[in-house]
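What follows is upload29.pdb (PDB, C-alpha atoms).
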ATOM      1  CA  MET B   1      96.516 130.393  99.875
ATOM      2  CA  THR B   2      97.931 132.042 102.981
ATOM      3  CA  LEU B   3     101.547 131.367 103.888
ATOM      4  CA  THR B   4     101.962 130.600 107.556
ATOM      5  CA  THR B   5     105.213 131.518 109.281
ATOM      6  CA  PHE B   6     107.300 128.502 110.186
ATOM      7  CA  THR B   7     110.712 127.622 111.567
ATOM      8  CA  LEU B   8     113.010 124.683 110.934
ATOM      9  CA  ARG B   9     115.121 123.272 113.710
ATOM     10  CA  PRO B  10     117.512 120.314 113.745
ATOM     11  CA  ALA B  11     115.806 117.072 114.727
ATOM     12  CA  THR B  12     116.768 115.048 117.773
ATOM     13  CA  THR B  13     116.403 111.378 118.615
ATOM     14  CA  GLY B  14     113.455 112.372 120.824
ATOM     15  CA  ASP B  15     111.440 113.527 117.788
ATOM     16  CA  VAL B  16     111.065 110.066 116.262
ATOM     17  CA  GLU B  17     107.682 109.144 117.790
ATOM     18  CA  ALA B  18     106.018 112.431 116.829
ATOM     19  CA  ILE B  19     107.308 111.968 113.275
ATOM     20  CA  ALA B  20     106.137 108.337 113.163
ATOM     21  CA  GLU B  21     102.628 109.392 114.215
ATOM     22  CA  LEU B  22     102.540 112.198 111.659
ATOM     23  CA  ARG B  23     103.748 109.823 108.933
ATOM     24  CA  ALA B  24     100.916 107.413 109.708
ATOM     25  CA  ALA B  25      98.338 110.219 109.514
ATOM     26  CA  VAL B  26      99.716 111.782 106.332
ATOM     27  CA  LEU B  27     100.254 108.552 104.377
ATOM     28  CA  ARG B  28      97.156 106.670 105.512
ATOM     29  CA  ALA B  29      94.797 107.606 102.645
ATOM     30  CA  ASP B  30      97.367 106.923  99.919
ATOM     31  CA  LEU B  31      98.515 103.663 101.490
ATOM     32  CA  GLU B  32      94.922 102.505 101.945
ATOM     33  CA  ARG B  33      94.163 103.356  98.305
ATOM     34  CA  LEU B  34      97.175 101.243  97.284
ATOM     35  CA  GLY B  35      96.162  98.409  99.632
ATOM     36  CA  ARG B  36      99.381  98.846 101.635
ATOM     37  CA  PHE B  37      98.347 100.453 104.946
ATOM     38  CA  ASP B  38      99.467  98.642 108.090
ATOM     39  CA  GLU B  39      99.142 100.490 111.443
ATOM     40  CA  HIS B  40     102.405  99.107 112.809
ATOM     41  CA  ARG B  41     104.511  98.962 109.648
ATOM     42  CA  VAL B  42     103.873 102.601 108.632
ATOM     43  CA  ARG B  43     105.383 103.755 111.926
ATOM     44  CA  GLN B  44     108.138 101.144 112.174
ATOM     45  CA  ARG B  45     109.516 101.925 108.716
ATOM     46  CA  LEU B  46     110.065 105.516 109.867
ATOM     47  CA  ARG B  47     111.692 104.408 113.120
ATOM     48  CA  ASP B  48     114.020 102.051 111.231
ATOM     49  CA  ALA B  49     115.112 104.716 108.719
ATOM     50  CA  TYR B  50     115.229 107.741 111.025
ATOM     51  CA  GLU B  51     118.496 109.701 110.936
ATOM     52  CA  PRO B  52     118.107 112.832 113.062
ATOM     53  CA  GLU B  53     121.409 114.239 111.798
ATOM     54  CA  HIS B  54     119.828 114.674 108.337
ATOM     55  CA  THR B  55     116.370 115.752 109.515
ATOM     56  CA  TRP B  56     114.700 119.057 110.352
ATOM     57  CA  ILE B  57     111.590 119.599 112.422
ATOM     58  CA  LEU B  58     109.080 122.080 111.088
ATOM     59  CA  GLU B  59     107.364 124.195 113.733
ATOM     60  CA  VAL B  60     104.454 126.592 113.390
ATOM     61  CA  ASP B  61     103.880 128.866 116.385
ATOM     62  CA  ALA B  62     106.557 126.834 118.237
ATOM     63  CA  VAL B  63     104.477 123.643 117.836
ATOM     64  CA  PHE B  64     105.555 120.508 115.940
ATOM     65  CA  ALA B  65     103.982 120.674 112.485
ATOM     66  CA  GLY B  66     106.098 118.447 110.278
ATOM     67  CA  CYS B  67     109.511 117.312 109.202
ATOM     68  CA  VAL B  68     111.802 116.812 106.245
ATOM     69  CA  ALA B  69     115.105 115.035 105.698
ATOM     70  CA  LEU B  70     117.937 115.458 103.209
ATOM     71  CA  ARG B  71     120.032 112.307 103.241
ATOM     72  CA  PRO B  72     123.318 112.407 101.320
ATOM     73  CA  ALA B  73     124.088 109.437  99.078
ATOM     74  CA  ALA B  74     126.891 108.676  96.624
ATOM     75  CA  ASP B  75     125.259 110.187  93.540
ATOM     76  CA  ALA B  76     122.574 112.492  94.949
ATOM     77  CA  THR B  77     120.818 113.741  98.030
ATOM     78  CA  TRP B  78     117.522 112.048  98.923
ATOM     79  CA  LEU B  79     114.622 114.221 100.031
ATOM     80  CA  GLU B  80     112.784 112.012 102.507
ATOM     81  CA  HIS B  81     110.198 112.052 105.273
ATOM     82  CA  PHE B  82     108.610 115.294 104.096
ATOM     83  CA  TYR B  83     105.416 115.359 106.148
ATOM     84  CA  LEU B  84     103.225 118.312 107.073
ATOM     85  CA  ALA B  85     100.290 118.155 109.474
ATOM     86  CA  PRO B  86      97.112 117.829 107.380
ATOM     87  CA  HIS B  87      95.468 120.908 108.904
ATOM     88  CA  LEU B  88      98.410 123.035 107.693
ATOM     89  CA  GLN B  89      98.514 121.739 104.125
ATOM     90  CA  GLY B  90      97.510 124.119 101.354
ATOM     91  CA  ARG B  91      98.941 127.229 103.035
ATOM     92  CA  GLY B  92     102.194 127.379 101.098
ATOM     93  CA  ILE B  93     104.324 125.957 103.906
ATOM     94  CA  GLY B  94     105.410 122.848 102.023
ATOM     95  CA  ALA B  95     106.360 124.870  98.956
ATOM     96  CA  ALA B  96     108.311 127.373 101.069
ATOM     97  CA  VAL B  97     110.213 124.611 102.879
ATOM     98  CA  LEU B  98     110.950 122.881  99.589
ATOM     99  CA  ARG B  99     112.214 126.126  98.003
ATOM    100  CA  ARG B 100     114.540 126.720 100.961
ATOM    101  CA  LEU B 101     116.021 123.223 100.835
ATOM    102  CA  LEU B 102     116.352 123.153  97.050
ATOM    103  CA  ALA B 103     118.151 126.512  97.111
ATOM    104  CA  ARG B 104     120.785 124.926  99.358
ATOM    105  CA  CYS B 105     121.108 121.951  97.037
ATOM    106  CA  ASP B 106     121.348 124.233  93.996
ATOM    107  CA  ARG B 107     124.053 126.256  95.723
ATOM    108  CA  ASP B 108     125.940 123.017  96.360
ATOM    109  CA  GLY B 109     125.345 121.679  92.835
ATOM    110  CA  VAL B 110     123.583 118.558  94.120
ATOM    111  CA  VAL B 111     121.113 116.294  92.333
ATOM    112  CA  VAL B 112     118.042 115.611  94.506
ATOM    113  CA  ARG B 113     116.022 112.391  94.344
ATOM    114  CA  LEU B 114     112.822 111.357  96.081
ATOM    115  CA  ASN B 115     110.036 108.859  95.888
ATOM    116  CA  VAL B 116     106.357 109.526  96.311
ATOM    117  CA  LEU B 117     103.441 107.101  96.468
ATOM    118  CA  ARG B 118     101.584 106.565  93.198
ATOM    119  CA  GLY B 119      98.605 108.894  92.967
ATOM    120  CA  SER B 120      99.800 111.167  95.773
ATOM    121  CA  PRO B 121      98.924 114.839  95.299
ATOM    122  CA  ALA B 122     102.432 115.641  96.621
ATOM    123  CA  ARG B 123     103.804 114.668  93.201
ATOM    124  CA  ARG B 124     102.381 117.896  91.738
ATOM    125  CA  LEU B 125     104.258 119.960  94.336
ATOM    126  CA  TYR B 126     107.533 118.270  93.427
ATOM    127  CA  GLU B 127     106.964 118.632  89.692
ATOM    128  CA  ARG B 128     106.228 122.360  90.125
ATOM    129  CA  HIS B 129     109.699 122.614  91.703
ATOM    130  CA  GLY B 130     111.535 120.966  88.815
ATOM    131  CA  PHE B 131     111.397 117.260  89.651
ATOM    132  CA  THR B 132     110.907 114.899  86.724
ATOM    133  CA  LEU B 133     110.020 111.234  86.456
ATOM    134  CA  GLU B 134     112.962 108.861  86.767
ATOM    135  CA  SER B 135     111.107 105.550  87.194
ATOM    136  CA  GLU B 136     108.055 104.016  88.823
ATOM    137  CA  ASP B 137     106.748 100.723  90.125
ATOM    138  CA  PRO B 138     103.280  99.636  91.284
ATOM    139  CA  VAL B 139     103.626 101.587  94.571
ATOM    140  CA  ASP B 140     106.289 104.290  94.203
ATOM    141  CA  VAL B 141     107.151 107.018  91.720
ATOM    142  CA  PHE B 142     110.811 108.055  91.714
ATOM    143  CA  LEU B 143     111.558 111.664  90.799
ATOM    144  CA  VAL B 144     114.840 113.484  90.231
ATOM    145  CA  ARG B 145     115.860 117.135  90.058
ATOM    146  CA  GLU B 146     119.108 118.392  88.594
ATOM    147  CA  PRO B 147     120.569 121.420  90.355
ATOM    148  CA  VAL B 148     119.885 124.841  88.950
ATOM    149  CA  ARG B 149     123.372 126.053  88.195
ATOM    150  CA  GLN B 150     124.473 129.151  90.006
ATOM    151  CA  HIS B 151     127.410 131.283  88.975
ATOM    152  CA  ASN B 152     128.753 132.270  92.354
ATOM    153  CA  GLY B 153     130.883 130.273  94.759
ATOM    154  CA  PRO B 154     132.567 126.880  94.547
ATOM    155  CA  ARG B 155     130.656 123.619  94.417
ATOM    156  CA  ALA B 156     130.275 121.922  97.788
ATOM    157  CA  GLN B 157     130.514 118.163  98.202
ATOM    158  CA  GLU B 158     127.032 117.614  99.541
ATOM    159  CA  CYS B 159     123.789 119.382 100.304
ATOM    160  CA  ARG B 160     123.611 119.522 104.084
ATOM    161  CA  ARG B 161     121.861 121.453 106.735
ATOM    162  CA  ASP B 162     123.432 124.528 108.209
ATOM    163  CA  ARG B 163     123.779 124.319 111.950
TER     164      ARG B 163
END
Target encoding structure tokens, full file:
Amino acid sequence: MTLTTFTLRPATTGDVEAIAELRAAVLRADLERLGRFDEHRVRQRLRDAYEPEHTWILEVDAVFAGCVALRPAADATWLEHFYLAPHLQGRGIGAAVLRRLLARCDRDGVVVRLNVLRGSPARRLYERHGFTLESEDPVDVFLVREPVRQHNGPRAQECRRDR
């Protein structure tokens, strides 16, 4: 596995269509396996839920390569819309991005939740980073990760991106 250098930049409203297309490509196989793929719906669900203020764009060689969101909620922060271009998967980028974001959440003392499609190989990545099963249904698996307690600095109110 070769780690590719990447950057994260704050998302803008103009990024939504690129993210919607990437989501359709990344989720297609799993959604088809679950009998849930719909060309329009897979993109529209992203458009309807998109919050650029909680989203980062992942770039490799200054080119759009993926995205990830950390959405604050009352009892946790939700890791959402974590998509990486298929040709870049397996190079350690996803793990590196996840480590960076989880370090921020640990620093802030924040519980992180996410859901992943049943049977998705992404579940293994999340479990390697401390996520455990919270619940599941016929389509989704819900995972949770308690913060790794750190002994320096006060607890922040939420895990958020640094601008």
| field | Hits from the PyMOL selection byres ((chain B and resi 69-77) around 12), listed as a VMD selection string | value | chain B and resid 8 to 11 19 46 49 to 58 66 to 68 78 to 83 97 to 98 100 to 102 104 to 106 108 to 114 143 to 147 157 to 162
task: Might you pull out every residue within 8 Å of Val139 in chain B, with all atoms listed in the file counted and same-chain residues fewer than 6 positions away left off, and present them as a list in words?
output: Leu34, Leu117 and Arg118 of chain B
When the PyMOL selection byres ((chain B and resi 29) around 12) is applied to the structure above, which residues does it catch, written out as number ranges by chain? B: 23-28, 30-38, 42, 86, 117-121
Report, as JSON, the centre and edge lengths in Å (one decimal) of the axis-aligned box enclosing every listed atom of range 18-23 of chain B, padded by 6 Å on each side.
{"center_x": 104.9, "center_y": 110.4, "center_z": 112.9, "size_x": 16.8, "size_y": 16.1, "size_z": 19.9}
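Relative to CA of Ala122 in chain B, CA of Gln44 in chain B is found at 22.0 Å.
When all atoms listed in the file are used to compute distances to Leu84 in chain B, the closest of the residues B:Ala65, B:Leu125, B:Ala20, B:Ala96 turns out to be B:Ala65.
What separates CA of Phe64 in chain B from CA of Tyr126 in chain B is a distance of 22.7 Å.
CA of Asp140 in chain B to CA of Arg41 in chain B spans 16.4 Å [interatomic distance, one decimal].
Picked by the PyMOL selection byres ((chain B and resi 6) around 8) from the coordinates shown: Thr4, Thr5, Thr7, Leu8, Leu58, Glu59, Val60, Asp61 and Ile93 of chain B.
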